[in-house]
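**Student:** run-v5.cif is reproduced below (mmCIF, C-alpha atoms).
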data_my_file
#
loop_
_atom_site.group_PDB
_atom_site.id
_atom_site.type_symbol
_atom_site.label_atom_id
_atom_site.label_comp_id
_atom_site.auth_asym_id
_atom_site.auth_seq_id
_atom_site.Cartn_x
_atom_site.Cartn_y
_atom_site.Cartn_z
ATOM 1 C CA MET I 1 0.000 0.000 0.000
ATOM 2 C CA ARG I 2 1.489 3.299 -1.061
ATOM 3 C CA PHE I 3 1.160 6.132 1.454
ATOM 4 C CA GLU I 4 0.226 9.273 -0.421
ATOM 5 C CA TYR I 5 1.527 12.588 0.785
ATOM 6 C CA SER I 6 -1.398 14.793 1.728
ATOM 7 C CA ALA I 7 -1.594 18.547 1.911
ATOM 8 C CA THR I 8 -2.598 18.170 5.577
ATOM 9 C CA GLU I 9 0.629 16.285 6.309
ATOM 10 C CA GLU I 10 2.640 18.930 4.532
ATOM 11 C CA ARG I 11 1.185 21.703 6.704
ATOM 12 C CA ALA I 12 1.357 19.775 9.986
ATOM 13 C CA THR I 13 4.075 20.702 12.464
ATOM 14 C CA ASP I 14 6.478 18.089 13.771
ATOM 15 C CA ALA I 15 4.647 18.118 17.119
ATOM 16 C CA GLU I 16 1.315 17.429 15.407
ATOM 17 C CA LEU I 17 2.751 14.567 13.364
ATOM 18 C CA ILE I 18 4.408 13.073 16.460
ATOM 19 C CA ALA I 19 1.158 13.267 18.423
ATOM 20 C CA ALA I 20 -0.663 11.522 15.571
ATOM 21 C CA VAL I 21 1.968 8.766 15.360
ATOM 22 C CA VAL I 22 1.949 8.200 19.121
ATOM 23 C CA GLY I 23 -1.829 7.980 18.824
ATOM 24 C CA GLY I 24 -1.422 5.065 16.378
ATOM 25 C CA ASN I 25 -1.583 6.830 13.007
ATOM 26 C CA LYS I 26 1.017 5.131 10.786
ATOM 27 C CA ALA I 27 0.184 7.366 7.841
ATOM 28 C CA ALA I 28 1.364 10.308 9.935
ATOM 29 C CA PHE I 29 4.701 8.525 10.394
ATOM 30 C CA ALA I 30 4.977 8.311 6.609
ATOM 31 C CA GLY I 31 4.839 12.113 6.732
ATOM 32 C CA ILE I 32 7.751 12.172 9.189
ATOM 33 C CA VAL I 33 9.701 9.729 7.015
ATOM 34 C CA ARG I 34 9.225 11.899 3.932
ATOM 35 C CA ARG I 35 10.036 15.088 5.803
ATOM 36 C CA TYR I 36 13.282 13.693 7.248
ATOM 37 C CA GLU I 37 14.317 11.210 4.554
ATOM 38 C CA GLU I 38 16.946 13.637 3.252
ATOM 39 C CA VAL I 39 18.398 14.121 6.755
ATOM 40 C CA VAL I 40 18.662 10.372 7.304
ATOM 41 C CA ALA I 41 19.961 9.728 3.776
ATOM 42 C CA ARG I 42 22.592 12.439 4.115
ATOM 43 C CA THR I 43 23.794 10.906 7.385
ATOM 44 C CA VAL I 44 23.878 7.209 6.487
ATOM 45 C CA ILE I 45 25.121 7.710 2.904
ATOM 46 C CA GLY I 46 27.804 10.068 4.216
ATOM 47 C CA MET I 47 28.875 7.423 6.744
ATOM 48 C CA LEU I 48 28.393 4.210 4.746
ATOM 49 C CA GLY I 49 28.417 5.258 1.095
ATOM 50 C CA ALA I 50 25.485 4.870 -1.285
ATOM 51 C CA GLY I 51 24.071 1.364 -1.671
ATOM 52 C CA ASP I 52 22.146 -1.383 0.061
ATOM 53 C CA ALA I 53 23.857 -0.929 3.431
ATOM 54 C CA ALA I 54 22.824 2.723 3.553
ATOM 55 C CA GLU I 55 19.251 1.877 2.533
ATOM 56 C CA GLU I 56 19.084 -0.784 5.260
ATOM 57 C CA ALA I 57 20.579 1.564 7.857
ATOM 58 C CA GLY I 58 18.109 4.242 6.771
ATOM 59 C CA GLN I 59 15.158 1.894 7.256
ATOM 60 C CA VAL I 60 16.469 0.647 10.619
ATOM 61 C CA ALA I 61 16.993 4.239 11.767
ATOM 62 C CA MET I 62 13.444 5.184 10.809
ATOM 63 C CA ILE I 63 12.054 2.184 12.695
ATOM 64 C CA LYS I 64 14.068 3.179 15.788
ATOM 65 C CA ILE I 65 12.699 6.702 15.454
ATOM 66 C CA TYR I 66 9.161 5.331 15.217
ATOM 67 C CA ASN I 67 9.678 3.181 18.303
ATOM 68 C CA GLY I 68 11.178 6.087 20.243
ATOM 69 C CA LEU I 69 8.655 8.795 19.420
ATOM 70 C CA GLY I 70 6.578 7.989 22.486
ATOM 71 C CA ASP I 71 9.517 9.053 24.672
ATOM 72 C CA PHE I 72 10.606 12.006 22.522
ATOM 73 C CA ARG I 73 10.836 15.249 24.479
ATOM 74 C CA ALA I 74 10.426 18.539 22.648
ATOM 75 C CA ASP I 75 13.518 20.018 24.344
ATOM 76 C CA ALA I 76 15.543 18.935 21.318
ATOM 77 C CA SER I 77 14.439 19.480 17.741
ATOM 78 C CA LEU I 78 13.114 16.467 15.872
ATOM 79 C CA LYS I 79 15.759 17.047 13.202
ATOM 80 C CA THR I 80 18.552 16.719 15.776
ATOM 81 C CA TYR I 81 16.901 13.611 17.240
ATOM 82 C CA VAL I 82 16.543 12.024 13.799
ATOM 83 C CA THR I 83 20.163 12.840 12.953
ATOM 84 C CA ARG I 84 21.395 11.332 16.215
ATOM 85 C CA ILE I 85 19.490 8.075 15.638
ATOM 86 C CA ALA I 86 20.682 7.852 12.026
ATOM 87 C CA MET I 87 24.287 8.524 13.041
ATOM 88 C CA ASN I 88 24.227 5.909 15.820
ATOM 89 C CA THR I 89 22.707 3.371 13.421
ATOM 90 C CA ALA I 90 25.456 4.045 10.878
ATOM 91 C CA LEU I 91 28.166 3.817 13.562
ATOM 92 C CA ASP I 92 26.686 0.481 14.734
ATOM 93 C CA GLU I 93 26.940 -0.817 11.155
ATOM 94 C CA LEU I 94 30.559 0.335 10.900
ATOM 95 C CA ARG I 95 31.389 -1.424 14.197
ATOM 96 C CA ARG I 96 29.688 -4.587 12.936
ATOM 97 C CA ARG I 97 31.735 -4.425 9.709
ATOM 98 C CA LYS I 98 34.937 -3.866 11.672
ATOM 99 C CA ARG I 99 34.292 -6.994 13.780
ATOM 100 C CA PHE I 100 33.614 -9.009 10.626
ATOM 101 C CA LEU I 101 36.698 -7.679 8.811
ATOM 102 C CA ALA I 102 38.904 -8.202 11.871
ATOM 103 C CA ARG I 103 38.056 -11.887 11.735
ATOM 104 C CA PHE I 104 38.245 -12.528 8.011
ATOM 105 C CA VAL I 105 40.236 -9.770 6.292
ATOM 106 C CA SER I 106 43.732 -8.428 6.862
ATOM 107 C CA PRO I 107 43.499 -4.894 8.374
ATOM 108 C CA SER I 108 46.018 -3.477 5.893
ATOM 109 C CA ARG I 109 43.889 -4.633 2.994
ATOM 110 C CA GLU I 110 40.766 -3.015 4.420
ATOM 111 C CA ARG I 111 42.402 0.321 5.166
ATOM 112 C CA GLU I 112 44.427 0.957 2.067
ATOM 113 C CA SER I 113 43.222 -0.767 -1.065
ATOM 114 C CA ASP I 114 39.433 -0.939 -0.717
ATOM 115 C CA VAL I 115 38.993 2.619 0.486
ATOM 116 C CA PHE I 116 41.355 4.607 -1.716
ATOM 117 C CA GLU I 117 40.413 2.722 -4.858
ATOM 118 C CA GLN I 118 36.867 4.013 -4.520
ATOM 119 C CA ILE I 119 37.940 7.611 -5.139
ATOM 120 C CA PRO I 120 37.294 8.308 -8.850
ATOM 121 C CA ALA I 121 40.076 9.720 -10.969
ATOM 122 C CA HIS I 122 40.283 13.485 -10.772
ATOM 123 C CA GLY I 123 38.734 15.369 -13.608
ATOM 124 C CA ASP I 124 35.915 17.786 -14.210
ATOM 125 C CA VAL I 125 33.022 17.055 -11.880
ATOM 126 C CA ALA I 126 29.889 18.105 -13.689
ATOM 127 C CA SER I 127 26.864 16.869 -11.787
ATOM 128 C CA ALA I 128 25.723 16.959 -8.166
ATOM 129 C CA HIS I 129 25.636 13.151 -8.301
ATOM 130 C CA GLU I 130 29.309 13.024 -9.289
ATOM 131 C CA ARG I 131 30.148 15.470 -6.507
ATOM 132 C CA GLN I 132 28.267 13.247 -4.066
ATOM 133 C CA GLN I 133 30.224 10.215 -5.231
ATOM 134 C CA LEU I 134 33.565 11.985 -4.820
ATOM 135 C CA VAL I 135 32.620 13.356 -1.422
ATOM 136 C CA ALA I 136 31.282 9.985 -0.224
ATOM 137 C CA ALA I 137 34.433 8.225 -1.397
ATOM 138 C CA ALA I 138 36.639 10.775 0.379
ATOM 139 C CA LEU I 139 34.593 10.422 3.579
ATOM 140 C CA ALA I 140 34.970 6.648 3.385
ATOM 141 C CA ALA I 141 38.744 7.160 3.714
ATOM 142 C CA LEU I 142 38.308 8.610 7.216
ATOM 143 C CA LYS I 143 38.166 6.619 10.414
ATOM 144 C CA PRO I 144 34.612 6.545 11.820
ATOM 145 C CA GLU I 145 35.351 9.010 14.629
ATOM 146 C CA PHE I 146 36.581 11.626 12.096
ATOM 147 C CA ARG I 147 33.990 10.723 9.488
ATOM 148 C CA SER I 148 31.112 11.327 11.898
ATOM 149 C CA VAL I 149 32.198 14.886 12.747
ATOM 150 C CA ALA I 150 32.838 15.598 9.051
ATOM 151 C CA VAL I 151 29.377 14.347 8.059
ATOM 152 C CA LEU I 152 27.631 16.389 10.739
ATOM 153 C CA ARG I 153 29.691 19.540 10.269
ATOM 154 C CA LEU I 154 30.339 19.559 6.526
ATOM 155 C CA LEU I 155 27.416 17.649 5.042
ATOM 156 C CA HIS I 156 24.737 18.766 7.483
ATOM 157 C CA GLY I 157 26.114 22.161 8.503
ATOM 158 C CA TYR I 158 25.599 21.666 12.235
ATOM 159 C CA ASP I 159 27.726 23.961 14.388
ATOM 160 C CA SER I 160 30.309 22.484 16.706
ATOM 161 C CA GLY I 161 28.008 22.593 19.748
ATOM 162 C CA GLU I 162 25.339 20.623 17.911
ATOM 163 C CA VAL I 163 27.925 18.138 16.653
ATOM 164 C CA ALA I 164 29.175 17.654 20.219
ATOM 165 C CA SER I 165 25.626 17.134 21.479
ATOM 166 C CA ILE I 166 24.682 14.626 18.762
ATOM 167 C CA LEU I 167 27.844 12.572 19.237
ATOM 168 C CA GLY I 168 28.005 12.918 23.016
ATOM 169 C CA ILE I 169 31.554 14.333 22.991
ATOM 170 C CA SER I 170 33.136 17.589 24.162
ATOM 171 C CA ASP I 171 33.551 20.695 22.004
ATOM 172 C CA GLY I 172 37.327 20.323 22.237
ATOM 173 C CA THR I 173 37.124 16.785 20.866
ATOM 174 C CA VAL I 174 34.951 18.017 18.005
ATOM 175 C CA PHE I 175 37.538 20.638 17.020
ATOM 176 C CA SER I 176 40.499 18.281 17.171
ATOM 177 C CA ARG I 177 38.670 15.632 15.136
ATOM 178 C CA LEU I 178 37.503 18.255 12.644
ATOM 179 C CA SER I 179 41.049 19.442 12.214
ATOM 180 C CA ARG I 180 42.217 15.889 11.370
ATOM 181 C CA ALA I 181 39.191 15.223 9.155
ATOM 182 C CA ARG I 182 39.646 18.448 7.175
ATOM 183 C CA SER I 183 43.364 17.755 6.657
ATOM 184 C CA GLN I 184 42.649 14.320 5.206
ATOM 185 C CA LEU I 185 39.724 15.497 3.095
ATOM 186 C CA LYS I 186 41.768 18.343 1.644
ATOM 187 C CA MET I 187 44.373 15.844 0.491
ATOM 188 C CA LEU I 188 41.727 13.763 -1.229
ATOM 189 C CA LEU I 189 39.517 16.458 -2.756
ATOM 190 C CA ARG I 190 40.766 19.277 -4.909
ATOM 191 C CA SER I 191 38.693 22.403 -5.371
ATOM 192 C CA GLU I 192 39.777 22.710 -9.022
ATOM 193 C CA ASP I 193 37.843 19.524 -9.751
ATOM 194 C CA PHE I 194 34.638 21.184 -8.630
ATOM 195 C CA LYS I 195 34.476 24.267 -10.861
ATOM 196 C CA MET H 1 47.852 28.445 20.339
ATOM 197 C CA ASN H 2 47.053 24.762 19.955
ATOM 198 C CA ASP H 3 45.532 23.224 16.889
ATOM 199 C CA GLY H 4 42.151 22.687 18.515
ATOM 200 C CA ARG H 5 41.906 26.378 19.352
ATOM 201 C CA ASN H 6 42.932 27.323 15.784
ATOM 202 C CA GLN H 7 40.274 24.990 14.416
ATOM 203 C CA GLU H 8 37.685 26.497 16.759
ATOM 204 C CA LEU H 9 38.444 29.969 15.414
ATOM 205 C CA ILE H 10 38.246 28.770 11.827
ATOM 206 C CA GLU H 11 34.929 26.984 12.447
ATOM 207 C CA ARG H 12 33.452 30.073 14.062
ATOM 208 C CA HIS H 13 34.743 32.194 11.182
ATOM 209 C CA LEU H 14 33.049 29.809 8.707
ATOM 210 C CA ASP H 15 29.811 30.120 10.699
ATOM 211 C CA GLY H 16 30.081 33.920 10.698
ATOM 212 C CA ALA H 17 30.060 33.728 14.497
ATOM 213 C CA LEU H 18 33.143 35.774 15.387
ATOM 214 C CA THR H 19 32.535 38.965 17.335
ATOM 215 C CA ALA H 20 33.832 42.204 15.802
ATOM 216 C CA GLU H 21 36.849 42.111 18.102
ATOM 217 C CA GLU H 22 37.551 38.456 17.328
ATOM 218 C CA LYS H 23 37.196 39.125 13.616
ATOM 219 C CA GLN H 24 39.803 41.851 13.796
ATOM 220 C CA ALA H 25 42.241 39.585 15.663
ATOM 221 C CA PHE H 26 41.476 36.734 13.232
ATOM 222 C CA GLU H 27 42.228 38.829 10.149
ATOM 223 C CA ALA H 28 45.419 40.155 11.780
ATOM 224 C CA LYS H 29 46.515 36.562 12.396
ATOM 225 C CA ARG H 30 45.849 35.686 8.759
ATOM 226 C CA GLN H 31 47.961 38.623 7.641
ATOM 227 C CA ARG H 32 50.976 37.777 9.777
ATOM 228 C CA ASP H 33 50.777 33.963 9.439
ATOM 229 C CA PRO H 34 50.651 32.793 5.753
ATOM 230 C CA ALA H 35 50.312 29.133 6.754
ATOM 231 C CA PHE H 36 47.242 29.942 8.856
ATOM 232 C CA ASP H 37 45.821 32.063 6.033
ATOM 233 C CA GLN H 38 46.290 29.191 3.581
ATOM 234 C CA ARG H 39 44.595 26.827 6.040
ATOM 235 C CA VAL H 40 41.581 29.142 6.302
ATOM 236 C CA ARG H 41 41.346 29.448 2.495
ATOM 237 C CA SER H 42 41.498 25.691 2.025
ATOM 238 C CA ASP H 43 38.881 25.118 4.742
ATOM 239 C CA GLU H 44 36.620 27.652 2.996
ATOM 240 C CA ALA H 45 37.121 25.821 -0.312
ATOM 241 C CA LEU H 46 36.365 22.470 1.333
ATOM 242 C CA ALA H 47 33.138 23.870 2.805
ATOM 243 C CA LYS H 48 32.068 24.989 -0.696
ATOM 244 C CA ILE H 49 32.705 21.501 -2.076
ATOM 245 C CA PHE H 50 30.433 19.937 0.534
ATOM 246 C CA GLU H 51 27.753 22.592 0.061
ATOM 247 C CA ALA H 52 27.562 21.721 -3.629
ATOM 248 C CA THR H 53 26.712 18.031 -3.189
ATOM 249 C CA GLY H 54 22.962 18.551 -3.588
ATOM 250 C CA ASP H 55 20.245 16.493 -1.914
ATOM 251 C CA PHE H 56 20.812 12.938 -0.763
ATOM 252 C CA ARG H 57 17.976 10.495 -1.390
ATOM 253 C CA PHE H 58 17.203 6.819 -1.126
ATOM 254 C CA GLU H 59 15.540 4.957 -4.011
ATOM 255 C CA SER H 60 11.974 6.103 -4.651
ATOM 256 C CA ASP H 61 9.147 5.088 -2.296
ATOM 257 C CA PHE H 62 11.442 4.835 0.719
ATOM 258 C CA ALA H 63 8.560 5.821 3.019
ATOM 259 C CA THR H 64 6.421 2.950 1.724
ATOM 260 C CA ARG H 65 9.203 0.457 2.411
ATOM 261 C CA VAL H 66 9.655 1.791 5.949
ATOM 262 C CA ILE H 67 5.938 1.658 6.751
ATOM 263 C CA SER H 68 5.673 -1.906 5.350
ATOM 264 C CA ARG H 69 8.521 -2.939 7.575
ATOM 265 C CA LEU H 70 6.817 -1.578 10.684
ATOM 266 C CA ASP H 71 4.259 -4.350 10.385
ATOM 267 C CA ALA H 72 6.731 -7.101 9.516
ATOM 268 C CA PRO H 73 8.030 -9.385 12.283
ATOM 269 C CA ASP H 74 11.269 -8.163 13.791
ATOM 270 C CA ARG H 75 13.985 -10.132 12.109
ATOM 271 C CA SER H 76 16.851 -8.175 13.560
ATOM 272 C CA THR H 77 17.381 -10.502 16.532
ATOM 273 C CA LEU H 78 17.210 -13.623 14.357
ATOM 274 C CA ASP H 79 19.506 -12.048 11.756
ATOM 275 C CA GLU H 80 22.010 -11.185 14.462
ATOM 276 C CA LEU H 81 21.928 -14.718 15.837
ATOM 277 C CA MET H 82 22.509 -16.205 12.372
ATOM 278 C CA ALA H 83 25.330 -13.744 11.725
ATOM 279 C CA MET H 84 26.946 -14.730 15.031
ATOM 280 C CA LEU H 85 26.646 -18.457 14.251
ATOM 281 C CA TRP H 86 28.289 -17.911 10.862
ATOM 282 C CA GLN H 87 31.004 -15.914 12.526
ATOM 283 C CA TYR H 88 31.901 -18.620 15.029
ATOM 284 C CA PHE H 89 31.274 -21.661 12.815
ATOM 285 C CA PRO H 90 34.767 -21.636 11.237
ATOM 286 C CA ARG H 91 36.363 -21.376 14.684
ATOM 287 C CA VAL H 92 34.507 -24.465 15.943
ATOM 288 C CA ALA H 93 34.190 -26.636 12.836
ATOM 289 C CA ALA H 94 37.794 -26.407 11.695
ATOM 290 C CA PRO H 95 39.431 -27.457 14.997
ATOM 291 C CA ALA H 96 36.771 -30.117 15.557
ATOM 292 C CA SER H 97 37.414 -31.563 12.091
ATOM 293 C CA LEU H 98 41.159 -31.617 12.633
ATOM 294 C CA LEU H 99 40.789 -33.260 16.021
ATOM 295 C CA THR H 100 38.434 -35.900 14.640
ATOM 296 C CA ALA H 101 40.799 -36.636 11.752
ATOM 297 C CA ALA H 102 43.743 -36.943 14.174
ATOM 298 C CA ILE H 103 41.817 -39.343 16.453
ATOM 299 C CA MET H 104 40.672 -41.464 13.513
ATOM 300 C CA THR H 105 44.201 -41.636 12.112
ATOM 301 C CA SER H 106 45.549 -42.728 15.459
ATOM 302 C CA ASN H 107 42.779 -45.332 15.796
ATOM 303 C CA TYR H 108 43.442 -46.663 12.299
ATOM 304 C CA ARG H 109 47.151 -47.073 12.967
ATOM 305 C CA SER H 110 46.599 -48.946 16.194
ATOM 306 C CA ALA H 111 43.678 -51.045 14.974
ATOM 307 C CA ALA H 112 43.778 -54.771 15.515
ATOM 308 C CA ASP H 113 44.398 -57.071 12.525
ATOM 309 C CA GLY H 114 41.150 -58.121 10.936
ATOM 310 C CA ALA H 115 39.223 -55.103 12.103
ATOM 311 C CA SER H 116 36.974 -53.544 9.475
ATOM 312 C CA ILE H 117 37.670 -50.010 8.298
ATOM 313 C CA ILE H 118 34.827 -48.630 10.382
ATOM 314 C CA GLU H 119 35.995 -50.500 13.494
ATOM 315 C CA ALA H 120 39.523 -49.238 12.814
ATOM 316 C CA LEU H 121 38.501 -45.606 12.403
ATOM 317 C CA LEU H 122 36.187 -45.627 15.401
ATOM 318 C CA GLY H 123 38.664 -47.452 17.591
ATOM 319 C CA LEU H 124 36.274 -50.317 18.221
ATOM 320 C CA PRO H 125 37.613 -53.712 19.253
ATOM 321 C CA GLY H 126 38.075 -56.091 16.312
ATOM 322 C CA GLY H 127 35.799 -59.073 15.662
ATOM 323 C CA GLY H 128 32.631 -57.403 14.541
ATOM 324 C CA LEU H 129 30.387 -54.613 15.666
ATOM 325 C CA VAL H 130 28.096 -55.418 18.537
ATOM 326 C CA LEU H 131 24.906 -53.645 17.618
ATOM 327 C CA GLY H 132 22.602 -54.972 20.252
ATOM 328 C CA VAL H 133 21.050 -57.969 21.885
ATOM 329 C CA GLY H 134 20.592 -60.941 19.613
ATOM 330 C CA MET H 135 23.218 -60.059 16.981
#
Would you mind writing the file out in structure tokens?

**Tutor:**
Amino acid sequence: MRFEYSATEERATDAELIAAVVGGNKAAFAGIVRRYEEVVARTVIGMLGAGDAAEEAGQVAMIKIYNGLGDFRADASLKTYVTRIAMNTALDELRRRKRFLARFVSPSRERESDVFEQIPAHGDVASAHERQQLVAAALAALKPEFRSVAVLRLLHGYDSGEVASILGISDGTVFSRLSRARSQLKMLLRSEDFK
Amino acid sequence: MNDGRNQELIERHLDGALTAEEKQAFEAKRQRDPAFDQRVRSDEALAKIFEATGDFRFESDFATRVISRLDAPDRSTLDELMAMLWQYFPRVAAPASLLTAAIMTSNYRSAADGASIIEALLGLPGGGLVLGVGM
């Protein structure tokens, strides 16, 4: 059954949609999914790269959000809450992959060949899709703790305080990780490719 | 000034959040420190690259797939259990196979003359398998 987007849903505030969902209205949750799909996609694709794993993480994140809406407090924005859930889901997937790779794949192979080979050859980058691919590949070269701050700060545009709050770390840690993340990303991405 | 503090200033500059006094000090630092100035320029360029990535989306009808899944039985626990079994299977099966092969080899070598192959491998006494009463 396809859930159609209604004009009522489009006008409803987050609080109204949440109240409807908590009251048992699944169609209202479809409204929340559509409203925040881009936020979740930006987070999980930034962390995991485009593909089935990101789609799965996106769905799992949305289900966690659905299950947690009954306890959601309006002291944080729904966007921040959604981002936090999506980020934690992506980090869980990265930890799961790390455990799997630690058992079956040599660490040097995982770090060097798989990751850097994903970065397309430099050249003119015409479309937003190509930019996304380059950016996602560069992000994939970062360790998860640097990738997460880069995704939140650079892809989402959260300020450092919001990044610290979402990740549960101090401001100082955010700045030091951002510094490392930016250094690595600058080596991998060249602004002349993005004219 | 440590790197974290430098990065904090740059991030606040990128957010347009420096006070007038801080902005003055920041620009003075850029003027007297070319390496810092270059770092700020490259961070500004990196920010522009990320701003130009456009919207991120899943395949169409993502909401429908999510809502359908809300009604489906929760497979996550079962999937995790299966994944764990697959993870540990090589660790258990391989040593168990090697141990069994070693025991069978030892049994075969020390088997009595006239014992069948099965009796030899299983380390059973020669002279026929005793399967039960009346055999």

**Student:** Output the residue selection produced by the PyMOL selection byres ((chain H) within 9 of (chain I)) on the file above, formatted as a ChimeraX atom specification.

**Tutor:** /H:3-8,11-12,15,42-43,45-59,61-70,87

**Student:** Can you give me, as a ChimeraX atom specification, the residues this file yields under the PyMOL selection byres ((chain H and resi 120) around 8)?

**Tutor:** /H:104,107-112,115-119,121-124,126

**Student:** Could you tell me how far atom CA of Lys64 of chain I sits from atom CA of Leu17 of chain I, in Å to one decimal place?

**Tutor:**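 Taking atom CA of Leu17 of chain I and atom CA of Lys64 of chain I, their separation equals 16.2 Å.
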
**Student:** Expressed in Å to a single decimal, how great is the separation between atom CA of Thr89 of chain I and atom CA of Ala57 of chain I?

**Tutor:** 6.2 Å

**Student:** Neighbouring residues of Arg84 of chain I were defined as those with any atom within 8 Å, considering only C-alpha atoms; residues of the same chain fewer than 4 positions away were excluded. Please report them as a list of chain:residue names.

**Tutor:** I:Thr80, I:Asn88, I:Ile166, I:Leu167

**Student:** Once you have the residues from the selection above, write them out as an mmCIF file, keeping the file's coordinate frame, restricted to C-alpha atoms.

**Tutor:**
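This went into result.cif:
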data_model
loop_
_atom_site.group_PDB
_atom_site.id
_atom_site.type_symbol
_atom_site.label_atom_id
_atom_site.label_comp_id
_atom_site.auth_asym_id
_atom_site.auth_seq_id
_atom_site.Cartn_x
_atom_site.Cartn_y
_atom_site.Cartn_z
ATOM 1 C CA THR I 80 18.552 16.719 15.776
ATOM 2 C CA ASN I 88 24.227 5.909 15.820
ATOM 3 C CA ILE I 166 24.682 14.626 18.762
ATOM 4 C CA LEU I 167 27.844 12.572 19.237
#

**Student:** Mind giving me the straight-line distance from atom CA of Ala140 of chain I to atom CA of Leu48 of chain I in Å, one decimal?

**Tutor:**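 Distance between the two atoms: 7.1 Å.
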
**Student:** Keeping just N, CA and C atoms, export segment 30-41 of chain I of this structure as a compact mmCIF listing (two decimals), in the first residue's frame.

**Tutor:**
# COMPACT_ATOMS: atom_id res chain seq x y z
N ALA I 30 4.49 8.18 7.98
CA ALA I 30 4.98 8.31 6.61
C ALA I 30 5.32 9.77 6.32
N GLY I 31 4.55 10.69 6.88
CA GLY I 31 4.84 12.11 6.73
C GLY I 31 6.18 12.47 7.35
N ILE I 32 6.47 11.91 8.53
CA ILE I 32 7.75 12.17 9.19
C ILE I 32 8.88 11.57 8.36
N VAL I 33 8.66 10.38 7.83
CA VAL I 33 9.70 9.73 7.01
C VAL I 33 10.02 10.59 5.80
N ARG I 34 8.98 11.07 5.12
CA ARG I 34 9.22 11.90 3.93
C ARG I 34 9.90 13.21 4.30
N ARG I 35 9.48 13.79 5.41
CA ARG I 35 10.04 15.09 5.80
C ARG I 35 11.52 14.98 6.15
N TYR I 36 11.91 13.83 6.77
CA TYR I 36 13.28 13.69 7.25
C TYR I 36 14.10 12.65 6.49
N GLU I 37 13.57 12.18 5.37
CA GLU I 37 14.32 11.21 4.55
C GLU I 37 15.67 11.78 4.14
N GLU I 38 15.70 13.03 3.73
CA GLU I 38 16.95 13.64 3.25
C GLU I 38 17.96 13.72 4.38
N VAL I 39 17.49 14.04 5.59
CA VAL I 39 18.40 14.12 6.75
C VAL I 39 19.01 12.76 7.04
N VAL I 40 18.17 11.72 7.02
CA VAL I 40 18.66 10.37 7.30
C VAL I 40 19.58 9.90 6.17
N ALA I 41 19.15 10.16 4.92
CA ALA I 41 19.96 9.73 3.78
C ALA I 41 21.33 10.40 3.80
